[in-house]
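Okay, target_0.cif now, which holds mmCIF, N, CA, C and O atoms:
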data_structure
#
loop_
_atom_site.label_atom_id
_atom_site.label_comp_id
_atom_site.auth_asym_id
_atom_site.auth_seq_id
_atom_site.Cartn_x
_atom_site.Cartn_y
_atom_site.Cartn_z
N MET E 7 48.39 -19.92 -0.33
CA MET E 7 48.61 -20.97 0.63
C MET E 7 47.99 -22.25 0.08
O MET E 7 46.87 -22.24 -0.41
N SER E 8 48.70 -23.34 0.14
CA SER E 8 48.21 -24.60 -0.40
C SER E 8 47.16 -25.20 0.52
O SER E 8 47.05 -24.86 1.70
N HIS E 9 46.40 -26.14 -0.04
CA HIS E 9 45.35 -26.80 0.73
C HIS E 9 45.94 -27.54 1.93
O HIS E 9 45.40 -27.50 3.02
N SER E 10 47.06 -28.23 1.73
CA SER E 10 47.65 -29.00 2.82
C SER E 10 48.15 -28.09 3.94
O SER E 10 48.00 -28.40 5.12
N SER E 11 48.72 -26.94 3.61
CA SER E 11 49.17 -26.03 4.67
C SER E 11 47.98 -25.38 5.36
O SER E 11 48.04 -25.08 6.54
N THR E 12 46.88 -25.18 4.64
CA THR E 12 45.68 -24.65 5.26
C THR E 12 45.12 -25.66 6.26
O THR E 12 44.74 -25.31 7.37
N MET E 13 45.08 -26.93 5.87
CA MET E 13 44.59 -27.97 6.76
C MET E 13 45.51 -28.10 7.98
O MET E 13 45.04 -28.26 9.10
N GLN E 14 46.80 -28.03 7.77
CA GLN E 14 47.75 -28.12 8.86
C GLN E 14 47.51 -26.97 9.85
O GLN E 14 47.50 -27.15 11.05
N ASN E 15 47.31 -25.78 9.30
CA ASN E 15 47.04 -24.61 10.13
C ASN E 15 45.74 -24.78 10.90
O ASN E 15 45.65 -24.45 12.07
N ALA E 16 44.70 -25.35 10.25
CA ALA E 16 43.41 -25.53 10.91
C ALA E 16 43.52 -26.53 12.06
O ALA E 16 42.81 -26.43 13.04
N GLU E 17 44.39 -27.51 11.94
CA GLU E 17 44.53 -28.51 12.99
C GLU E 17 45.38 -28.00 14.14
O GLU E 17 45.40 -28.60 15.21
N ALA E 18 46.07 -26.91 13.96
CA ALA E 18 46.97 -26.40 14.99
C ALA E 18 46.26 -25.45 15.96
O ALA E 18 46.83 -25.09 16.98
N PHE E 19 45.03 -25.06 15.66
CA PHE E 19 44.30 -24.11 16.49
C PHE E 19 42.90 -24.61 16.77
O PHE E 19 42.36 -25.43 16.05
N GLU E 20 42.34 -24.07 17.84
CA GLU E 20 40.94 -24.35 18.16
C GLU E 20 40.30 -23.08 18.69
O GLU E 20 40.96 -22.24 19.28
N ILE E 21 39.01 -22.97 18.43
CA ILE E 21 38.25 -21.86 18.99
C ILE E 21 37.51 -22.41 20.20
O ILE E 21 36.93 -23.49 20.14
N ARG E 22 37.59 -21.68 21.30
CA ARG E 22 37.06 -22.18 22.58
C ARG E 22 35.96 -21.25 23.08
O ARG E 22 36.15 -20.04 23.21
N PHE E 23 34.82 -21.85 23.38
CA PHE E 23 33.70 -21.16 23.99
C PHE E 23 33.62 -21.62 25.44
O PHE E 23 33.20 -22.74 25.72
N GLN E 24 34.02 -20.78 26.37
CA GLN E 24 34.05 -21.12 27.79
C GLN E 24 32.70 -20.81 28.41
O GLN E 24 32.12 -19.75 28.17
N SER E 25 32.19 -21.74 29.23
CA SER E 25 30.93 -21.53 29.93
C SER E 25 31.06 -20.35 30.89
O SER E 25 32.08 -20.18 31.56
N LEU E 26 30.02 -19.55 30.98
CA LEU E 26 29.99 -18.43 31.93
C LEU E 26 29.69 -18.91 33.34
O LEU E 26 30.00 -18.21 34.31
N PHE E 27 29.10 -20.10 33.48
CA PHE E 27 28.62 -20.55 34.78
C PHE E 27 29.37 -21.74 35.35
O PHE E 27 29.28 -22.00 36.53
N ASN E 28 30.07 -22.48 34.52
CA ASN E 28 30.78 -23.67 34.96
C ASN E 28 32.18 -23.62 34.37
O ASN E 28 32.37 -23.90 33.19
N GLN E 29 33.16 -23.26 35.17
CA GLN E 29 34.53 -23.05 34.69
C GLN E 29 35.10 -24.28 33.98
O GLN E 29 35.89 -24.16 33.08
N GLY E 30 34.67 -25.47 34.36
CA GLY E 30 35.18 -26.68 33.76
C GLY E 30 34.49 -27.07 32.47
O GLY E 30 34.83 -28.07 31.84
N ARG E 31 33.52 -26.30 32.03
CA ARG E 31 32.75 -26.63 30.84
C ARG E 31 33.09 -25.66 29.71
O ARG E 31 33.08 -24.44 29.89
N ALA E 32 33.37 -26.23 28.55
CA ALA E 32 33.65 -25.42 27.37
C ALA E 32 33.40 -26.25 26.12
O ALA E 32 33.40 -27.49 26.18
N LEU E 33 33.17 -25.60 25.02
CA LEU E 33 33.09 -26.25 23.73
C LEU E 33 34.26 -25.74 22.89
O LEU E 33 34.53 -24.54 22.85
N THR E 34 34.96 -26.66 22.23
CA THR E 34 36.08 -26.29 21.37
C THR E 34 35.89 -26.91 19.99
O THR E 34 35.32 -28.01 19.87
N PHE E 35 36.38 -26.19 18.98
CA PHE E 35 36.25 -26.64 17.60
C PHE E 35 37.52 -26.31 16.84
O PHE E 35 38.11 -25.24 17.07
N PRO E 36 37.96 -27.19 15.93
CA PRO E 36 39.14 -26.90 15.12
C PRO E 36 38.91 -25.64 14.28
O PRO E 36 37.80 -25.41 13.78
N CYS E 37 39.95 -24.84 14.14
CA CYS E 37 39.84 -23.61 13.35
C CYS E 37 41.23 -23.24 12.84
O CYS E 37 42.22 -23.89 13.16
N ASP E 38 41.28 -22.17 12.05
CA ASP E 38 42.59 -21.66 11.63
C ASP E 38 43.03 -20.59 12.63
O ASP E 38 42.36 -20.35 13.63
N SER E 39 44.14 -19.98 12.37
CA SER E 39 44.71 -19.02 13.32
C SER E 39 43.84 -17.78 13.51
O SER E 39 44.01 -17.06 14.49
N THR E 40 42.89 -17.54 12.60
CA THR E 40 42.01 -16.39 12.73
C THR E 40 40.66 -16.74 13.34
O THR E 40 39.80 -15.87 13.49
N GLY E 41 40.45 -18.02 13.67
CA GLY E 41 39.20 -18.44 14.28
C GLY E 41 38.15 -18.93 13.30
O GLY E 41 37.02 -19.23 13.70
N MET E 42 38.50 -19.05 12.03
CA MET E 42 37.56 -19.53 11.03
C MET E 42 37.46 -21.05 11.11
O MET E 42 38.47 -21.74 11.09
N VAL E 43 36.24 -21.56 11.21
CA VAL E 43 36.01 -23.00 11.23
C VAL E 43 35.51 -23.46 9.87
O VAL E 43 34.92 -22.68 9.12
N ASN E 44 35.74 -24.72 9.55
CA ASN E 44 35.26 -25.30 8.30
C ASN E 44 33.98 -26.05 8.62
O ASN E 44 34.00 -27.20 9.01
N LEU E 45 32.84 -25.39 8.45
CA LEU E 45 31.55 -25.99 8.77
C LEU E 45 31.29 -27.24 7.94
O LEU E 45 30.66 -28.18 8.41
N ASP E 46 31.76 -27.25 6.69
CA ASP E 46 31.53 -28.39 5.82
C ASP E 46 32.27 -29.63 6.29
O ASP E 46 31.85 -30.75 5.99
N ALA E 47 33.35 -29.46 7.02
CA ALA E 47 34.14 -30.61 7.50
C ALA E 47 33.62 -31.14 8.83
O ALA E 47 34.06 -32.20 9.27
N MET E 48 32.69 -30.45 9.46
CA MET E 48 32.18 -30.86 10.76
C MET E 48 31.05 -31.88 10.60
O MET E 48 30.31 -31.84 9.62
N SER E 49 30.92 -32.73 11.61
CA SER E 49 29.75 -33.61 11.67
C SER E 49 28.53 -32.73 11.94
O SER E 49 28.65 -31.58 12.38
N GLU E 50 27.36 -33.28 11.72
CA GLU E 50 26.14 -32.51 11.97
C GLU E 50 26.04 -32.11 13.44
O GLU E 50 25.68 -30.98 13.76
N LYS E 51 26.40 -33.01 14.33
CA LYS E 51 26.34 -32.72 15.77
C LYS E 51 27.32 -31.60 16.14
O LYS E 51 26.95 -30.67 16.87
N ALA E 52 28.55 -31.68 15.63
CA ALA E 52 29.54 -30.64 15.92
C ALA E 52 29.10 -29.30 15.36
O ALA E 52 29.23 -28.27 16.02
N ARG E 53 28.56 -29.30 14.15
CA ARG E 53 28.08 -28.06 13.53
C ARG E 53 26.95 -27.46 14.37
O ARG E 53 26.93 -26.26 14.64
N ASN E 54 26.02 -28.29 14.83
CA ASN E 54 24.92 -27.80 15.67
C ASN E 54 25.44 -27.24 16.98
O ASN E 54 24.98 -26.19 17.45
N ASN E 55 26.41 -27.91 17.59
CA ASN E 55 27.01 -27.41 18.84
C ASN E 55 27.72 -26.08 18.62
O ASN E 55 27.62 -25.17 19.45
N TYR E 56 28.45 -25.97 17.51
CA TYR E 56 29.15 -24.73 17.19
C TYR E 56 28.16 -23.58 17.01
O TYR E 56 28.33 -22.50 17.59
N LEU E 57 27.12 -23.81 16.23
CA LEU E 57 26.12 -22.76 16.00
C LEU E 57 25.38 -22.40 17.29
O LEU E 57 25.07 -21.23 17.53
N PHE E 58 25.12 -23.40 18.13
CA PHE E 58 24.49 -23.13 19.43
C PHE E 58 25.39 -22.25 20.29
O PHE E 58 24.94 -21.26 20.87
N ALA E 59 26.67 -22.63 20.38
CA ALA E 59 27.62 -21.85 21.19
C ALA E 59 27.70 -20.41 20.69
O ALA E 59 27.71 -19.48 21.50
N ARG E 60 27.77 -20.23 19.38
CA ARG E 60 27.81 -18.86 18.84
C ARG E 60 26.56 -18.07 19.22
O ARG E 60 26.64 -16.89 19.56
N GLY E 61 25.42 -18.73 19.17
CA GLY E 61 24.16 -18.05 19.49
C GLY E 61 23.99 -17.76 20.97
O GLY E 61 23.18 -16.92 21.34
N MET E 62 24.74 -18.46 21.80
CA MET E 62 24.60 -18.30 23.25
C MET E 62 25.71 -17.47 23.88
O MET E 62 25.83 -17.43 25.10
N ILE E 63 26.49 -16.78 23.06
CA ILE E 63 27.54 -15.89 23.59
C ILE E 63 26.86 -14.80 24.41
O ILE E 63 25.92 -14.15 23.97
N GLY E 64 27.36 -14.63 25.62
CA GLY E 64 26.79 -13.63 26.53
C GLY E 64 25.67 -14.16 27.39
O GLY E 64 25.28 -13.52 28.36
N ARG E 65 25.12 -15.32 27.03
CA ARG E 65 24.04 -15.93 27.83
C ARG E 65 24.54 -17.18 28.55
O ARG E 65 24.27 -17.35 29.72
N GLU E 66 25.22 -18.04 27.81
CA GLU E 66 25.75 -19.28 28.36
C GLU E 66 27.26 -19.37 28.23
O GLU E 66 27.93 -19.94 29.07
N TYR E 67 27.79 -18.76 27.16
CA TYR E 67 29.22 -18.83 26.86
C TYR E 67 29.83 -17.44 26.75
O TYR E 67 29.17 -16.49 26.30
N ALA E 68 31.09 -17.35 27.14
CA ALA E 68 31.85 -16.10 27.00
C ALA E 68 32.26 -15.93 25.53
O ALA E 68 32.13 -16.86 24.73
N MET E 69 32.76 -14.75 25.20
CA MET E 69 33.29 -14.54 23.86
C MET E 69 34.36 -15.60 23.58
O MET E 69 35.20 -15.85 24.44
N PRO E 70 34.31 -16.21 22.41
CA PRO E 70 35.29 -17.27 22.12
C PRO E 70 36.68 -16.69 21.91
O PRO E 70 36.83 -15.51 21.59
N PHE E 71 37.67 -17.54 22.09
CA PHE E 71 39.04 -17.15 21.79
C PHE E 71 39.74 -18.30 21.09
O PHE E 71 39.36 -19.46 21.24
N VAL E 72 40.73 -17.95 20.31
CA VAL E 72 41.52 -18.92 19.55
C VAL E 72 42.77 -19.25 20.36
O VAL E 72 43.41 -18.37 20.90
N GLN E 73 43.07 -20.53 20.42
CA GLN E 73 44.28 -20.96 21.11
C GLN E 73 44.93 -22.08 20.32
O GLN E 73 44.26 -22.75 19.53
N ALA E 74 46.22 -22.23 20.51
CA ALA E 74 46.94 -23.33 19.88
C ALA E 74 46.48 -24.63 20.52
O ALA E 74 46.23 -24.69 21.72
N CYS E 75 46.33 -25.66 19.70
CA CYS E 75 45.95 -26.98 20.22
C CYS E 75 47.11 -27.57 20.99
O CYS E 75 48.26 -27.39 20.62
N GLU E 76 46.76 -28.27 22.04
CA GLU E 76 47.78 -28.99 22.79
C GLU E 76 48.16 -30.24 22.01
O GLU E 76 47.30 -30.91 21.46
N PRO E 77 49.46 -30.57 21.96
CA PRO E 77 49.87 -31.78 21.25
C PRO E 77 49.30 -33.01 21.94
O PRO E 77 49.18 -33.06 23.16
N HIS E 78 48.93 -34.00 21.11
CA HIS E 78 48.34 -35.23 21.67
C HIS E 78 49.40 -36.21 22.03
O HIS E 78 50.31 -36.53 21.50
#
Just give me the structure as structure tokens.
Amino acid sequence: MSHSSTMQNAEAFEIRFQSLFNQGRALTFPCDSTGMVNLDAMSEKARNNYLFARGMIGREYAMPFVQACEPH
């Protein structure tokens, strides 16, 4: 798979961490169709939020799921 098709694929999906306590609250991050995120492409703040969400699964956030991004 070429780099451009990989990037296209990564922009078409997001991994979503839904809050366990507030239905309207969630963190989402760009990923590929398998849920892999590119940590190197994230800002420091986004990377910290992603790692926080992963660490808080079952405490603050539900298990994440991958979904297609909504067109802008």
Compare E:Ala74, E:Leu33, E:Leu26, E:Val43 by their minimum atom-to-atom distance to Phe58 (chain E), counting only C-alpha atoms, and give me the closest one.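 Comparing E:Ala74, E:Leu33, E:Leu26, E:Val43 against Phe58 (chain E), the winner is E:Leu33.
Rounded to one decimal, CA of Asp38 (chain E) and CA of Ile21 (chain E) lie 8.5 Å from each other.
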Would you please work out which residue, of E:Glu66, E:Gly61, E:Lys51, E:Gln73, is nearest to Pro36 (chain E) when using only N, CA, C and O atoms?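 Of the candidates, the smallest distance to Pro36 (chain E) is held by E:Gln73.
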As an mmCIF file with N, CA, C and O atoms, in the coordinates of the input, list the residues of chain E assigned to helix (DSSP H, G or I) by DSSP on the backbone atoms of this structure.
data_model
loop_
_atom_site.group_PDB
_atom_site.id
_atom_site.type_symbol
_atom_site.label_atom_id
_atom_site.label_comp_id
_atom_site.auth_asym_id
_atom_site.auth_seq_id
_atom_site.Cartn_x
_atom_site.Cartn_y
_atom_site.Cartn_z
ATOM 1 N N HIS E 9 46.400 -26.140 -0.040
ATOM 2 C CA HIS E 9 45.350 -26.800 0.730
ATOM 3 C C HIS E 9 45.940 -27.540 1.930
ATOM 4 O O HIS E 9 45.400 -27.500 3.020
ATOM 5 N N SER E 10 47.060 -28.230 1.730
ATOM 6 C CA SER E 10 47.650 -29.000 2.820
ATOM 7 C C SER E 10 48.150 -28.090 3.940
ATOM 8 O O SER E 10 48.000 -28.400 5.120
ATOM 9 N N SER E 11 48.720 -26.940 3.610
ATOM 10 C CA SER E 11 49.170 -26.030 4.670
ATOM 11 C C SER E 11 47.980 -25.380 5.360
ATOM 12 O O SER E 11 48.040 -25.080 6.540
ATOM 13 N N THR E 12 46.880 -25.180 4.640
ATOM 14 C CA THR E 12 45.680 -24.650 5.260
ATOM 15 C C THR E 12 45.120 -25.660 6.260
ATOM 16 O O THR E 12 44.740 -25.310 7.370
ATOM 17 N N MET E 13 45.080 -26.930 5.870
ATOM 18 C CA MET E 13 44.590 -27.970 6.760
ATOM 19 C C MET E 13 45.510 -28.100 7.980
ATOM 20 O O MET E 13 45.040 -28.260 9.100
ATOM 21 N N GLN E 14 46.800 -28.030 7.770
ATOM 22 C CA GLN E 14 47.750 -28.120 8.860
ATOM 23 C C GLN E 14 47.510 -26.970 9.850
ATOM 24 O O GLN E 14 47.500 -27.150 11.050
ATOM 25 N N ASN E 15 47.310 -25.780 9.300
ATOM 26 C CA ASN E 15 47.040 -24.610 10.130
ATOM 27 C C ASN E 15 45.740 -24.780 10.900
ATOM 28 O O ASN E 15 45.650 -24.450 12.070
ATOM 29 N N ALA E 16 44.700 -25.350 10.250
ATOM 30 C CA ALA E 16 43.410 -25.530 10.910
ATOM 31 C C ALA E 16 43.520 -26.530 12.060
ATOM 32 O O ALA E 16 42.810 -26.430 13.040
ATOM 33 N N GLU E 17 44.390 -27.510 11.940
ATOM 34 C CA GLU E 17 44.530 -28.510 12.990
ATOM 35 C C GLU E 17 45.380 -28.000 14.140
ATOM 36 O O GLU E 17 45.400 -28.600 15.210
ATOM 37 N N LEU E 45 32.840 -25.390 8.450
ATOM 38 C CA LEU E 45 31.550 -25.990 8.770
ATOM 39 C C LEU E 45 31.290 -27.240 7.940
ATOM 40 O O LEU E 45 30.660 -28.180 8.410
ATOM 41 N N ASP E 46 31.760 -27.250 6.690
ATOM 42 C CA ASP E 46 31.530 -28.390 5.820
ATOM 43 C C ASP E 46 32.270 -29.630 6.290
ATOM 44 O O ASP E 46 31.850 -30.750 5.990
ATOM 45 N N ALA E 47 33.350 -29.460 7.020
ATOM 46 C CA ALA E 47 34.140 -30.610 7.500
ATOM 47 C C ALA E 47 33.620 -31.140 8.830
ATOM 48 O O ALA E 47 34.060 -32.200 9.270
ATOM 49 N N GLU E 50 27.360 -33.280 11.720
ATOM 50 C CA GLU E 50 26.140 -32.510 11.970
ATOM 51 C C GLU E 50 26.040 -32.110 13.440
ATOM 52 O O GLU E 50 25.680 -30.980 13.760
ATOM 53 N N LYS E 51 26.400 -33.010 14.330
ATOM 54 C CA LYS E 51 26.340 -32.720 15.770
ATOM 55 C C LYS E 51 27.320 -31.600 16.140
ATOM 56 O O LYS E 51 26.950 -30.670 16.870
ATOM 57 N N ALA E 52 28.550 -31.680 15.630
ATOM 58 C CA ALA E 52 29.540 -30.640 15.920
ATOM 59 C C ALA E 52 29.100 -29.300 15.360
ATOM 60 O O ALA E 52 29.230 -28.270 16.020
ATOM 61 N N ARG E 53 28.560 -29.300 14.150
ATOM 62 C CA ARG E 53 28.080 -28.060 13.530
ATOM 63 C C ARG E 53 26.950 -27.460 14.370
ATOM 64 O O ARG E 53 26.930 -26.260 14.640
ATOM 65 N N ASN E 54 26.020 -28.290 14.830
ATOM 66 C CA ASN E 54 24.920 -27.800 15.670
ATOM 67 C C ASN E 54 25.440 -27.240 16.980
ATOM 68 O O ASN E 54 24.980 -26.190 17.450
ATOM 69 N N ASN E 55 26.410 -27.910 17.590
ATOM 70 C CA ASN E 55 27.010 -27.410 18.840
ATOM 71 C C ASN E 55 27.720 -26.080 18.620
ATOM 72 O O ASN E 55 27.620 -25.170 19.450
ATOM 73 N N TYR E 56 28.450 -25.970 17.510
ATOM 74 C CA TYR E 56 29.150 -24.730 17.190
ATOM 75 C C TYR E 56 28.160 -23.580 17.010
ATOM 76 O O TYR E 56 28.330 -22.500 17.590
ATOM 77 N N LEU E 57 27.120 -23.810 16.230
ATOM 78 C CA LEU E 57 26.120 -22.760 16.000
ATOM 79 C C LEU E 57 25.380 -22.400 17.290
ATOM 80 O O LEU E 57 25.070 -21.230 17.530
ATOM 81 N N PHE E 58 25.120 -23.400 18.130
ATOM 82 C CA PHE E 58 24.490 -23.130 19.430
ATOM 83 C C PHE E 58 25.390 -22.250 20.290
ATOM 84 O O PHE E 58 24.940 -21.260 20.870
ATOM 85 N N ALA E 59 26.670 -22.630 20.380
ATOM 86 C CA ALA E 59 27.620 -21.850 21.190
ATOM 87 C C ALA E 59 27.700 -20.410 20.690
ATOM 88 O O ALA E 59 27.710 -19.480 21.500
ATOM 89 N N ARG E 60 27.770 -20.230 19.380
ATOM 90 C CA ARG E 60 27.810 -18.860 18.840
ATOM 91 C C ARG E 60 26.560 -18.070 19.220
ATOM 92 O O ARG E 60 26.640 -16.890 19.560
ATOM 93 N N GLY E 61 25.420 -18.730 19.170
ATOM 94 C CA GLY E 61 24.160 -18.050 19.490
ATOM 95 C C GLY E 61 23.990 -17.760 20.970
ATOM 96 O O GLY E 61 23.180 -16.920 21.340
#
Distance atom O of Thr40 (chain E)-atom N of Arg53 (chain E), one decimal place? 17.5 Å
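Atom N of Gly64 (chain E) is found 14.3 Å from CA of Gln29 (chain E).
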Please put the answer as lines of an AutoDock Vina configuration file: centre and edge lengths, in Å with one decimal, of a box along x, y and z that encloses all listed atoms of region 50-66 of chain E plus 4 Å on each side.
center_x = 26.4
center_y = -23.4
center_z = 20.7
size_x = 14.4
size_y = 27.8
size_z = 26.0
Step by step, work through what the PyMOL selection byres ((chain E and resi 75) around 5) selects in the shown file, and finish by giving those residues as number ranges by chain. E: 18-20, 73-74, 76-77
For the selection you just gave me, I'd like the residues written to a file as a PDB file, in the coordinates of the input, keeping N, CA, C and O atoms.
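Dumped everything to part-v6.pdb:
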ATOM      1  N   ALA E  18      46.070 -26.910  13.960  1.00  0.00           N
ATOM      2  CA  ALA E  18      46.970 -26.400  14.990  1.00  0.00           C
ATOM      3  C   ALA E  18      46.260 -25.450  15.960  1.00  0.00           C
ATOM      4  O   ALA E  18      46.830 -25.090  16.980  1.00  0.00           O
ATOM      5  N   PHE E  19      45.030 -25.060  15.660  1.00  0.00           N
ATOM      6  CA  PHE E  19      44.300 -24.110  16.490  1.00  0.00           C
ATOM      7  C   PHE E  19      42.900 -24.610  16.770  1.00  0.00           C
ATOM      8  O   PHE E  19      42.360 -25.430  16.050  1.00  0.00           O
ATOM      9  N   GLU E  20      42.340 -24.070  17.840  1.00  0.00           N
ATOM     10  CA  GLU E  20      40.940 -24.350  18.160  1.00  0.00           C
ATOM     11  C   GLU E  20      40.300 -23.080  18.690  1.00  0.00           C
ATOM     12  O   GLU E  20      40.960 -22.240  19.280  1.00  0.00           O
ATOM     13  N   GLN E  73      43.070 -20.530  20.420  1.00  0.00           N
ATOM     14  CA  GLN E  73      44.280 -20.960  21.110  1.00  0.00           C
ATOM     15  C   GLN E  73      44.930 -22.080  20.320  1.00  0.00           C
ATOM     16  O   GLN E  73      44.260 -22.750  19.530  1.00  0.00           O
ATOM     17  N   ALA E  74      46.220 -22.230  20.510  1.00  0.00           N
ATOM     18  CA  ALA E  74      46.940 -23.330  19.880  1.00  0.00           C
ATOM     19  C   ALA E  74      46.480 -24.630  20.520  1.00  0.00           C
ATOM     20  O   ALA E  74      46.230 -24.690  21.720  1.00  0.00           O
ATOM     21  N   GLU E  76      46.760 -28.270  22.040  1.00  0.00           N
ATOM     22  CA  GLU E  76      47.780 -28.990  22.790  1.00  0.00           C
ATOM     23  C   GLU E  76      48.160 -30.240  22.010  1.00  0.00           C
ATOM     24  O   GLU E  76      47.300 -30.910  21.460  1.00  0.00           O
ATOM     25  N   PRO E  77      49.460 -30.570  21.960  1.00  0.00           N
ATOM     26  CA  PRO E  77      49.870 -31.780  21.250  1.00  0.00           C
ATOM     27  C   PRO E  77      49.300 -33.010  21.940  1.00  0.00           C
ATOM     28  O   PRO E  77      49.180 -33.060  23.160  1.00  0.00           O
TER      29      PRO E  77
END
Which residues come within 8 Å of Arg31 (chain E), counting all atoms listed in the file, excluding same-chain residues fewer than 5 positions away, as a PyMOL selection string? chain E and resi 23-26+66-68
Can you list, as a list in words, every residue of chain E that DSSP puts in strand (DSSP E)? Phe19, Glu20, Ile21, Arg22, Phe23, Gln24, Ala32, Leu33, Thr34, Phe35, Pro36, Cys37, Phe71, Val72, Gln73 and Ala74 of chain E
